[in-house]
Amino acid sequence: MKKIMITGALGQIGSELITKLREIYGADNVLATDIRKTDSPVVENGPFELLDVMDAERMHTLAKDFGADTMMHMAALLSATAEAKPLLAWNLNMGGLVNALETSRELGLQFFTPSSIGAFGPSTPKKNTPQDTLQRPTTMYGVNKVSGELLCDYYFHKFGVDTRGVRFPGLISYVTPPGGGTTDYAVDIYYKALADGKYTSYIDQGTYMDMMYMPDALQAIIDLMEADASKLEHRNAFNVTAMSFEPEQIAASIRKHIPGFELSYDVDPVRQAIANSWPDSIDATAAKDEWGFKAQYDLDSMTADMLAKLAKK
């Protein structure tokens, strides 16, 4: 990777990925694009262009004029939002992905896009979910992710596009606020713990989901993109994970720093149904074996860092 173009640069992952990539590869070598423009450091600290990912011609032109050798396609509607607007989700998530893959095919770019544990469904084994297993999701977001995994595989086998991707679990970050994902309770709980000393969870007690702290997620992207292609047997949609917990466990971790923290429940049936269809824990052996994936943070070390960083904000 020398010249990297990123779509959805102001989103949860993109906004932090841009910063890390610019630190490593140089600010002028990372082009951020998004459908909106803000006063974010992403916009101010390096090249930025407005881009609607449904505009295939502009996407191609921007990548060509920038001299990109890598495309990271991060633009998408997240799980809860996608379920509320399924047709929009299909058109945006799949249409944008096709445009990004076509641009990569036409210009010979290395390509990354994230999948998700949302690609699994209620018939998938819930504990230690294998890398290769049954995928029959019951949400539009999940359907998008499975379709995207297959499409990326197709572009690799049919056209030789160097496509790579991971299945992210819930991602937790102190930089960007919750953004419409089912796992976002595990982000919001830290904000509310500091602001109010209490939190009402829309995910029920006892609901386990895989999670990862954002620094580990960003490093996973970079490590995979820099990995030796000859060692990648799976190439797209590698399982990655760092921890699995339910709401009471994250509350207990927070109480080590805020002893009076209170957790209550007001379960959202839509997001709970989505969570129930996902695995409790997943097996990341393929990622470890093929490109050396390793997470650095567990629940308690993440909690300590989240609360310290949010307190400064």
# chains A, B, ... in the order shown; residues from 1 in each chain; ligands from 1
$ residues_around --residues "region 159-166 of chain A" --least-positions-apart "6" --cutoff "8 Å" --atoms "only C-alpha atoms" --output "list in words"
Ser104, Arg105, Gly108, Leu109, Gln110, Phe111, Phe112, Thr113, Pro114, Ser115, Ser116, Cys152, Asp153, Ile221, Leu224, Met225, Arg235, Asn236, Ala237, Phe238, Asn239 and Val240 of chain A
$ write_last_selection --atoms "N, CA and C atoms" --output "compact mmCIF listing (two decimals), in the first residue's frame"
# COMPACT_ATOMS: atom_id res chain seq x y z
N SER A 104 -11.67 -0.94 -8.70
CA SER A 104 -10.46 -1.70 -8.39
C SER A 104 -10.06 -2.61 -9.54
N ARG A 105 -11.04 -3.22 -10.19
CA ARG A 105 -10.75 -4.07 -11.35
C ARG A 105 -10.17 -3.25 -12.50
N GLY A 108 -6.68 -1.83 -11.33
CA GLY A 108 -5.71 -2.78 -10.78
C GLY A 108 -5.35 -2.50 -9.33
N LEU A 109 -6.35 -2.15 -8.53
CA LEU A 109 -6.11 -1.78 -7.14
C LEU A 109 -6.23 -2.99 -6.21
N GLN A 110 -5.43 -2.98 -5.15
CA GLN A 110 -5.66 -3.89 -4.03
C GLN A 110 -6.93 -3.41 -3.33
N PHE A 111 -7.73 -4.35 -2.78
CA PHE A 111 -9.06 -3.98 -2.30
C PHE A 111 -9.34 -4.57 -0.93
N PHE A 112 -9.92 -3.73 -0.06
CA PHE A 112 -10.38 -4.19 1.26
C PHE A 112 -11.80 -3.69 1.51
N THR A 113 -12.64 -4.57 2.05
CA THR A 113 -13.92 -4.15 2.61
C THR A 113 -14.24 -5.06 3.80
N PRO A 114 -14.82 -4.51 4.86
CA PRO A 114 -15.11 -5.34 6.03
C PRO A 114 -16.43 -6.09 5.89
N SER A 115 -16.43 -7.34 6.34
CA SER A 115 -17.67 -8.05 6.58
C SER A 115 -17.93 -7.97 8.08
N SER A 116 -18.79 -8.85 8.59
CA SER A 116 -19.26 -8.72 9.97
C SER A 116 -19.77 -10.06 10.48
N CYS A 152 -16.75 -10.44 -3.42
CA CYS A 152 -15.30 -10.20 -3.36
C CYS A 152 -14.53 -11.45 -3.80
N ASP A 153 -14.99 -12.61 -3.37
CA ASP A 153 -14.37 -13.86 -3.83
C ASP A 153 -14.47 -13.98 -5.35
N ILE A 221 -6.69 -4.66 10.01
CA ILE A 221 -6.82 -4.26 8.60
C ILE A 221 -5.44 -4.09 7.97
N LEU A 224 -3.52 -7.44 7.59
CA LEU A 224 -4.04 -8.26 6.50
C LEU A 224 -3.64 -7.69 5.14
N MET A 225 -3.72 -6.37 4.99
CA MET A 225 -3.39 -5.77 3.70
C MET A 225 -1.90 -5.88 3.38
N ARG A 235 -8.57 -15.38 2.19
CA ARG A 235 -8.50 -14.09 1.51
C ARG A 235 -9.58 -13.12 1.97
N ASN A 236 -10.86 -13.46 1.85
CA ASN A 236 -11.94 -12.57 2.24
C ASN A 236 -12.66 -13.09 3.49
N ALA A 237 -13.12 -12.16 4.31
CA ALA A 237 -14.01 -12.49 5.43
C ALA A 237 -13.37 -13.40 6.47
N PHE A 238 -12.15 -13.08 6.89
CA PHE A 238 -11.52 -13.80 7.99
C PHE A 238 -12.25 -13.49 9.30
N ASN A 239 -12.58 -14.51 10.07
CA ASN A 239 -13.07 -14.29 11.44
C ASN A 239 -11.98 -13.61 12.26
N VAL A 240 -12.32 -12.53 12.95
CA VAL A 240 -11.42 -11.92 13.94
C VAL A 240 -12.23 -11.57 15.18
$ residues_around --residues "Ala275 (chain A)" --least-positions-apart "5" --cutoff "9 Å" --atoms "only C-alpha atoms" --output "PyMOL selection string"
chain A and resi 118+182-183+203+207-209+270
$ write_last_selection --atoms "C-alpha atoms" --output "CSV table (one decimal), in the first residue's frame"
chain,number,residue,atom,x,y,z
A,118,GLY,CA,-23.9,-10.2,10.9
A,182,THR,CA,-26.7,-3.7,17.3
A,183,THR,CA,-23.5,-3.9,19.3
A,203,ILE,CA,-29.7,-5.6,24.7
A,207,THR,CA,-26.8,-11.9,25.5
A,208,TYR,CA,-23.2,-12.7,24.5
A,209,MET,CA,-21.6,-11.1,21.5
A,270,VAL,CA,-35.6,-5.4,16.9
$ select_by_dssp --residues "region 108-293 of chain A" --states "helix (DSSP H, G or I)" --output "number ranges by chain"
A: 117-119, 140-159, 182-195, 214-226, 229-231, 247-255, 269-276, 285-291
$ write_last_selection --atoms "C-alpha atoms" --output "PDB file, in the first residue's frame"
ATOM      1  CA  ILE A 117     -20.514 -11.348  12.374  1.00  0.00           C
ATOM      2  CA  GLY A 118     -23.855 -10.204  10.945  1.00  0.00           C
ATOM      3  CA  ALA A 119     -23.064 -12.525   8.031  1.00  0.00           C
ATOM      4  CA  MET A 140     -30.862  -7.298   5.398  1.00  0.00           C
ATOM      5  CA  TYR A 141     -27.486  -6.271   6.817  1.00  0.00           C
ATOM      6  CA  GLY A 142     -26.498  -9.929   7.068  1.00  0.00           C
ATOM      7  CA  VAL A 143     -27.711 -10.658   3.553  1.00  0.00           C
ATOM      8  CA  ASN A 144     -25.606  -7.712   2.332  1.00  0.00           C
ATOM      9  CA  LYS A 145     -22.531  -9.014   4.130  1.00  0.00           C
ATOM     10  CA  VAL A 146     -22.803 -12.590   2.841  1.00  0.00           C
ATOM     11  CA  SER A 147     -23.422 -11.269  -0.673  1.00  0.00           C
ATOM     12  CA  GLY A 148     -20.420  -8.988  -0.315  1.00  0.00           C
ATOM     13  CA  GLU A 149     -18.161 -11.814   0.816  1.00  0.00           C
ATOM     14  CA  LEU A 150     -19.163 -13.890  -2.195  1.00  0.00           C
ATOM     15  CA  LEU A 151     -18.826 -10.954  -4.570  1.00  0.00           C
ATOM     16  CA  CYS A 152     -15.304 -10.204  -3.362  1.00  0.00           C
ATOM     17  CA  ASP A 153     -14.375 -13.860  -3.827  1.00  0.00           C
ATOM     18  CA  TYR A 154     -15.848 -13.695  -7.333  1.00  0.00           C
ATOM     19  CA  TYR A 155     -13.790 -10.635  -8.286  1.00  0.00           C
ATOM     20  CA  PHE A 156     -10.653 -12.378  -7.049  1.00  0.00           C
ATOM     21  CA  HIS A 157     -11.253 -15.632  -8.915  1.00  0.00           C
ATOM     22  CA  LYS A 158     -12.819 -14.118 -12.053  1.00  0.00           C
ATOM     23  CA  PHE A 159     -10.784 -10.942 -12.514  1.00  0.00           C
ATOM     24  CA  THR A 182     -26.682  -3.652  17.258  1.00  0.00           C
ATOM     25  CA  THR A 183     -23.457  -3.924  19.259  1.00  0.00           C
ATOM     26  CA  ASP A 184     -23.299  -0.170  19.877  1.00  0.00           C
ATOM     27  CA  TYR A 185     -24.671  -0.595  23.410  1.00  0.00           C
ATOM     28  CA  ALA A 186     -21.116  -1.571  24.327  1.00  0.00           C
ATOM     29  CA  VAL A 187     -19.946   1.855  23.165  1.00  0.00           C
ATOM     30  CA  ASP A 188     -22.795   3.925  24.594  1.00  0.00           C
ATOM     31  CA  ILE A 189     -22.486   2.315  28.021  1.00  0.00           C
ATOM     32  CA  TYR A 190     -19.081   3.976  28.564  1.00  0.00           C
ATOM     33  CA  TYR A 191     -20.383   7.417  27.595  1.00  0.00           C
ATOM     34  CA  LYS A 192     -23.353   7.068  29.957  1.00  0.00           C
ATOM     35  CA  ALA A 193     -21.210   5.634  32.752  1.00  0.00           C
ATOM     36  CA  LEU A 194     -19.107   8.786  32.830  1.00  0.00           C
ATOM     37  CA  ALA A 195     -21.933  11.243  32.169  1.00  0.00           C
ATOM     38  CA  MET A 214     -10.885  -0.250  17.725  1.00  0.00           C
ATOM     39  CA  PRO A 215      -7.058  -0.155  17.957  1.00  0.00           C
ATOM     40  CA  ASP A 216      -7.028  -3.928  17.424  1.00  0.00           C
ATOM     41  CA  ALA A 217      -9.455  -3.622  14.517  1.00  0.00           C
ATOM     42  CA  LEU A 218      -7.325  -1.013  12.752  1.00  0.00           C
ATOM     43  CA  GLN A 219      -4.180  -3.077  13.202  1.00  0.00           C
ATOM     44  CA  ALA A 220      -5.975  -6.133  11.817  1.00  0.00           C
ATOM     45  CA  ILE A 221      -6.818  -4.256   8.602  1.00  0.00           C
ATOM     46  CA  ILE A 222      -3.241  -3.093   8.113  1.00  0.00           C
ATOM     47  CA  ASP A 223      -1.738  -6.493   8.931  1.00  0.00           C
ATOM     48  CA  LEU A 224      -4.041  -8.259   6.501  1.00  0.00           C
ATOM     49  CA  MET A 225      -3.392  -5.773   3.695  1.00  0.00           C
ATOM     50  CA  GLU A 226       0.369  -6.089   4.184  1.00  0.00           C
ATOM     51  CA  ALA A 229      -0.829 -12.996  -0.650  1.00  0.00           C
ATOM     52  CA  SER A 230       0.506 -16.513  -1.200  1.00  0.00           C
ATOM     53  CA  LYS A 231      -0.342 -17.413   2.414  1.00  0.00           C
ATOM     54  CA  PRO A 247     -24.038  -6.610  29.450  1.00  0.00           C
ATOM     55  CA  GLU A 248     -23.545  -7.628  33.092  1.00  0.00           C
ATOM     56  CA  GLN A 249     -19.866  -8.374  32.449  1.00  0.00           C
ATOM     57  CA  ILE A 250     -19.124  -5.020  30.879  1.00  0.00           C
ATOM     58  CA  ALA A 251     -20.960  -3.353  33.775  1.00  0.00           C
ATOM     59  CA  ALA A 252     -18.791  -5.270  36.247  1.00  0.00           C
ATOM     60  CA  SER A 253     -15.682  -4.119  34.419  1.00  0.00           C
ATOM     61  CA  ILE A 254     -16.857  -0.496  34.582  1.00  0.00           C
ATOM     62  CA  ARG A 255     -17.568  -0.791  38.339  1.00  0.00           C
ATOM     63  CA  PRO A 269     -37.031  -6.227  20.301  1.00  0.00           C
ATOM     64  CA  VAL A 270     -35.595  -5.407  16.871  1.00  0.00           C
ATOM     65  CA  ARG A 271     -31.968  -5.154  17.960  1.00  0.00           C
ATOM     66  CA  GLN A 272     -32.384  -8.032  20.411  1.00  0.00           C
ATOM     67  CA  ALA A 273     -33.651 -10.261  17.615  1.00  0.00           C
ATOM     68  CA  ILE A 274     -30.614  -9.310  15.535  1.00  0.00           C
ATOM     69  CA  ALA A 275     -28.277 -10.062  18.456  1.00  0.00           C
ATOM     70  CA  ASN A 276     -29.950 -13.413  19.074  1.00  0.00           C
ATOM     71  CA  THR A 285      -7.757 -19.571  13.952  1.00  0.00           C
ATOM     72  CA  ALA A 286      -7.582 -18.991  10.184  1.00  0.00           C
ATOM     73  CA  ALA A 287      -6.633 -15.323  10.635  1.00  0.00           C
ATOM     74  CA  LYS A 288      -3.989 -16.262  13.202  1.00  0.00           C
ATOM     75  CA  ASP A 289      -2.487 -18.977  11.020  1.00  0.00           C
ATOM     76  CA  GLU A 290      -2.610 -17.213   7.640  1.00  0.00           C
ATOM     77  CA  TRP A 291      -1.526 -13.675   8.529  1.00  0.00           C
TER      78      TRP A 291
END
$ residues_around --residues "Phe66 (chain A)" --least-positions-apart "3" --cutoff "12 Å" --atoms "only C-alpha atoms" --output "NGL selection string"
:A and (2-6 or 28-33 or 47-49 or 58-63 or 69-71 or 107)
$ write_last_selection --atoms "N, CA and C atoms" --output "mmCIF file, in the first residue's frame"
data_model
loop_
_atom_site.group_PDB
_atom_site.id
_atom_site.type_symbol
_atom_site.label_atom_id
_atom_site.label_comp_id
_atom_site.auth_asym_id
_atom_site.auth_seq_id
_atom_site.Cartn_x
_atom_site.Cartn_y
_atom_site.Cartn_z
ATOM 1 N N LYS A 2 0.668 2.096 -0.999
ATOM 2 C CA LYS A 2 1.414 3.349 -1.079
ATOM 3 C C LYS A 2 0.488 4.557 -1.235
ATOM 4 N N LYS A 3 -0.580 4.371 -2.018
ATOM 5 C CA LYS A 3 -1.556 5.450 -2.241
ATOM 6 C C LYS A 3 -2.946 4.841 -2.010
ATOM 7 N N ILE A 4 -3.588 5.251 -0.939
ATOM 8 C CA ILE A 4 -4.793 4.570 -0.468
ATOM 9 C C ILE A 4 -5.994 5.496 -0.545
ATOM 10 N N MET A 5 -7.073 5.037 -1.164
ATOM 11 C CA MET A 5 -8.335 5.777 -1.210
ATOM 12 C C MET A 5 -9.354 5.052 -0.338
ATOM 13 N N ILE A 6 -10.063 5.814 0.488
ATOM 14 C CA ILE A 6 -11.018 5.228 1.422
ATOM 15 C C ILE A 6 -12.391 5.866 1.236
ATOM 16 N N ASP A 28 -0.373 12.785 2.703
ATOM 17 C CA ASP A 28 -0.683 13.035 1.296
ATOM 18 C C ASP A 28 -0.964 11.762 0.510
ATOM 19 N N ASN A 29 -0.696 10.613 1.113
ATOM 20 C CA ASN A 29 -0.876 9.341 0.407
ATOM 21 C C ASN A 29 -2.170 8.623 0.778
ATOM 22 N N VAL A 30 -3.035 9.284 1.541
ATOM 23 C CA VAL A 30 -4.302 8.678 1.954
ATOM 24 C C VAL A 30 -5.438 9.647 1.625
ATOM 25 N N LEU A 31 -6.245 9.286 0.643
ATOM 26 C CA LEU A 31 -7.372 10.112 0.217
ATOM 27 C C LEU A 31 -8.642 9.677 0.936
ATOM 28 N N ALA A 32 -9.195 10.573 1.719
ATOM 29 C CA ALA A 32 -10.459 10.315 2.410
ATOM 30 C C ALA A 32 -11.617 10.804 1.546
ATOM 31 N N THR A 33 -12.683 9.998 1.460
ATOM 32 C CA THR A 33 -13.883 10.427 0.741
ATOM 33 C C THR A 33 -15.112 10.085 1.570
ATOM 34 N N PRO A 47 -5.746 14.916 2.127
ATOM 35 C CA PRO A 47 -6.643 15.011 0.982
ATOM 36 C C PRO A 47 -8.043 14.504 1.324
ATOM 37 N N PHE A 48 -9.063 15.248 0.900
ATOM 38 C CA PHE A 48 -10.456 14.844 1.120
ATOM 39 C C PHE A 48 -11.278 15.250 -0.090
ATOM 40 N N GLU A 49 -12.190 14.369 -0.513
ATOM 41 C CA GLU A 49 -13.106 14.657 -1.610
ATOM 42 C C GLU A 49 -14.494 14.156 -1.260
ATOM 43 N N ARG A 58 -17.574 9.048 -10.765
ATOM 44 C CA ARG A 58 -16.746 9.918 -9.921
ATOM 45 C C ARG A 58 -15.770 9.097 -9.077
ATOM 46 N N MET A 59 -16.222 7.943 -8.581
ATOM 47 C CA MET A 59 -15.328 7.092 -7.805
ATOM 48 C C MET A 59 -14.109 6.704 -8.632
ATOM 49 N N HIS A 60 -14.343 6.289 -9.861
ATOM 50 C CA HIS A 60 -13.254 5.890 -10.754
ATOM 51 C C HIS A 60 -12.321 7.068 -11.019
ATOM 52 N N THR A 61 -12.896 8.236 -11.283
ATOM 53 C CA THR A 61 -12.094 9.420 -11.595
ATOM 54 C C THR A 61 -11.216 9.830 -10.417
ATOM 55 N N LEU A 62 -11.802 9.828 -9.211
ATOM 56 C CA LEU A 62 -11.034 10.199 -8.026
ATOM 57 C C LEU A 62 -9.866 9.243 -7.801
ATOM 58 N N ALA A 63 -10.129 7.940 -7.911
ATOM 59 C CA ALA A 63 -9.073 6.949 -7.702
ATOM 60 C C ALA A 63 -7.968 7.086 -8.751
ATOM 61 N N ASP A 69 -3.303 2.960 -5.410
ATOM 62 C CA ASP A 69 -3.004 1.545 -5.660
ATOM 63 C C ASP A 69 -3.824 0.642 -4.745
ATOM 64 N N THR A 70 -4.575 1.252 -3.818
ATOM 65 C CA THR A 70 -5.372 0.507 -2.853
ATOM 66 C C THR A 70 -6.716 1.204 -2.645
ATOM 67 N N MET A 71 -7.785 0.414 -2.606
ATOM 68 C CA MET A 71 -9.122 0.912 -2.290
ATOM 69 C C MET A 71 -9.596 0.233 -1.012
ATOM 70 N N LEU A 107 -8.649 -0.353 -12.476
ATOM 71 C CA LEU A 107 -7.393 0.336 -12.202
ATOM 72 C C LEU A 107 -6.333 -0.572 -11.569
#
$ residues_around --residues "region 92-98 of chain A" --least-positions-apart "6" --cutoff "7 Å" --atoms "only C-alpha atoms" --output "PyMOL selection string"
chain A and resi 53-54+76-77+144
$ closest_residue --among "A:Glu57, A:Asp280, A:Asp52, A:Glu106" --to "Phe120 (chain A)" --atoms "only C-alpha atoms"
A:Asp280
$ closest_residue --among "A:Ala89, A:Ala304, A:Leu134, A:Ile282" --to "Arg167 (chain A)" --atoms "only C-alpha atoms"
A:Ile282
$ closest_residue --among "A:Pro125, A:Pro259, A:Gly14, A:Pro41" --to "Lys198 (chain A)" --atoms "only C-alpha atoms"
A:Pro259
$ residues_around --residues "Arg36 (chain A)" --least-positions-apart "5" --cutoff "12 Å" --atoms "only C-alpha atoms" --output "compact mmCIF listing (two decimals) with N, CA and C atoms, in the first residue's frame"
# COMPACT_ATOMS: atom_id res chain seq x y z
N THR A 7 -13.42 5.04 1.09
CA THR A 7 -14.79 5.53 1.08
C THR A 7 -15.36 5.45 2.50
N GLY A 8 -16.41 6.22 2.75
CA GLY A 8 -17.00 6.21 4.09
C GLY A 8 -16.02 6.65 5.16
N ALA A 9 -15.19 7.64 4.84
CA ALA A 9 -14.07 8.02 5.70
C ALA A 9 -14.49 8.67 7.01
N LEU A 10 -15.72 9.15 7.09
CA LEU A 10 -16.18 9.80 8.32
C LEU A 10 -17.00 8.87 9.20
N GLY A 11 -17.06 7.60 8.84
CA GLY A 11 -17.80 6.62 9.63
C GLY A 11 -17.00 6.12 10.81
N VAL A 42 -10.15 14.34 9.80
CA VAL A 42 -10.08 13.55 8.56
C VAL A 42 -10.11 14.47 7.35
N VAL A 43 -10.92 15.52 7.43
CA VAL A 43 -11.06 16.47 6.33
C VAL A 43 -9.91 17.46 6.31
N PHE A 48 -9.06 15.25 0.90
CA PHE A 48 -10.46 14.84 1.12
C PHE A 48 -11.28 15.25 -0.09
N GLU A 49 -12.19 14.37 -0.51
CA GLU A 49 -13.11 14.66 -1.61
C GLU A 49 -14.49 14.16 -1.26
N LEU A 50 -15.50 14.91 -1.68
CA LEU A 50 -16.88 14.45 -1.54
C LEU A 50 -17.15 13.34 -2.55
N LEU A 51 -17.80 12.27 -2.09
CA LEU A 51 -18.11 11.15 -2.98
C LEU A 51 -19.35 10.42 -2.49
N ASP A 52 -20.33 10.30 -3.35
CA ASP A 52 -21.46 9.39 -3.17
C ASP A 52 -21.04 8.07 -3.82
N VAL A 53 -20.95 7.00 -3.04
CA VAL A 53 -20.44 5.74 -3.59
C VAL A 53 -21.34 5.15 -4.66
N ALA A 75 -17.85 2.45 3.27
CA ALA A 75 -19.18 3.07 3.27
C ALA A 75 -20.27 2.01 3.32
$ closest_residue --among "A:Thr124, A:Gln131, A:Met306, A:Ser277" --to "Tyr213 (chain A)" --atoms "only C-alpha atoms"
A:Met306
$ select_by_dssp --residues "region 3-212 of chain A" --states "strand (DSSP E)" --output "MDAnalysis selection string"
chainID A and resid 4:7 30:34 48:50 70:73 110:112 115:116 163:164 166:168 170:172 198:201 209:212
$ closest_residue --among "A:Ala56, A:Met74, A:Ala68, A:Leu87" --to "Gln12 (chain A)" --atoms "only C-alpha atoms"
A:Met74
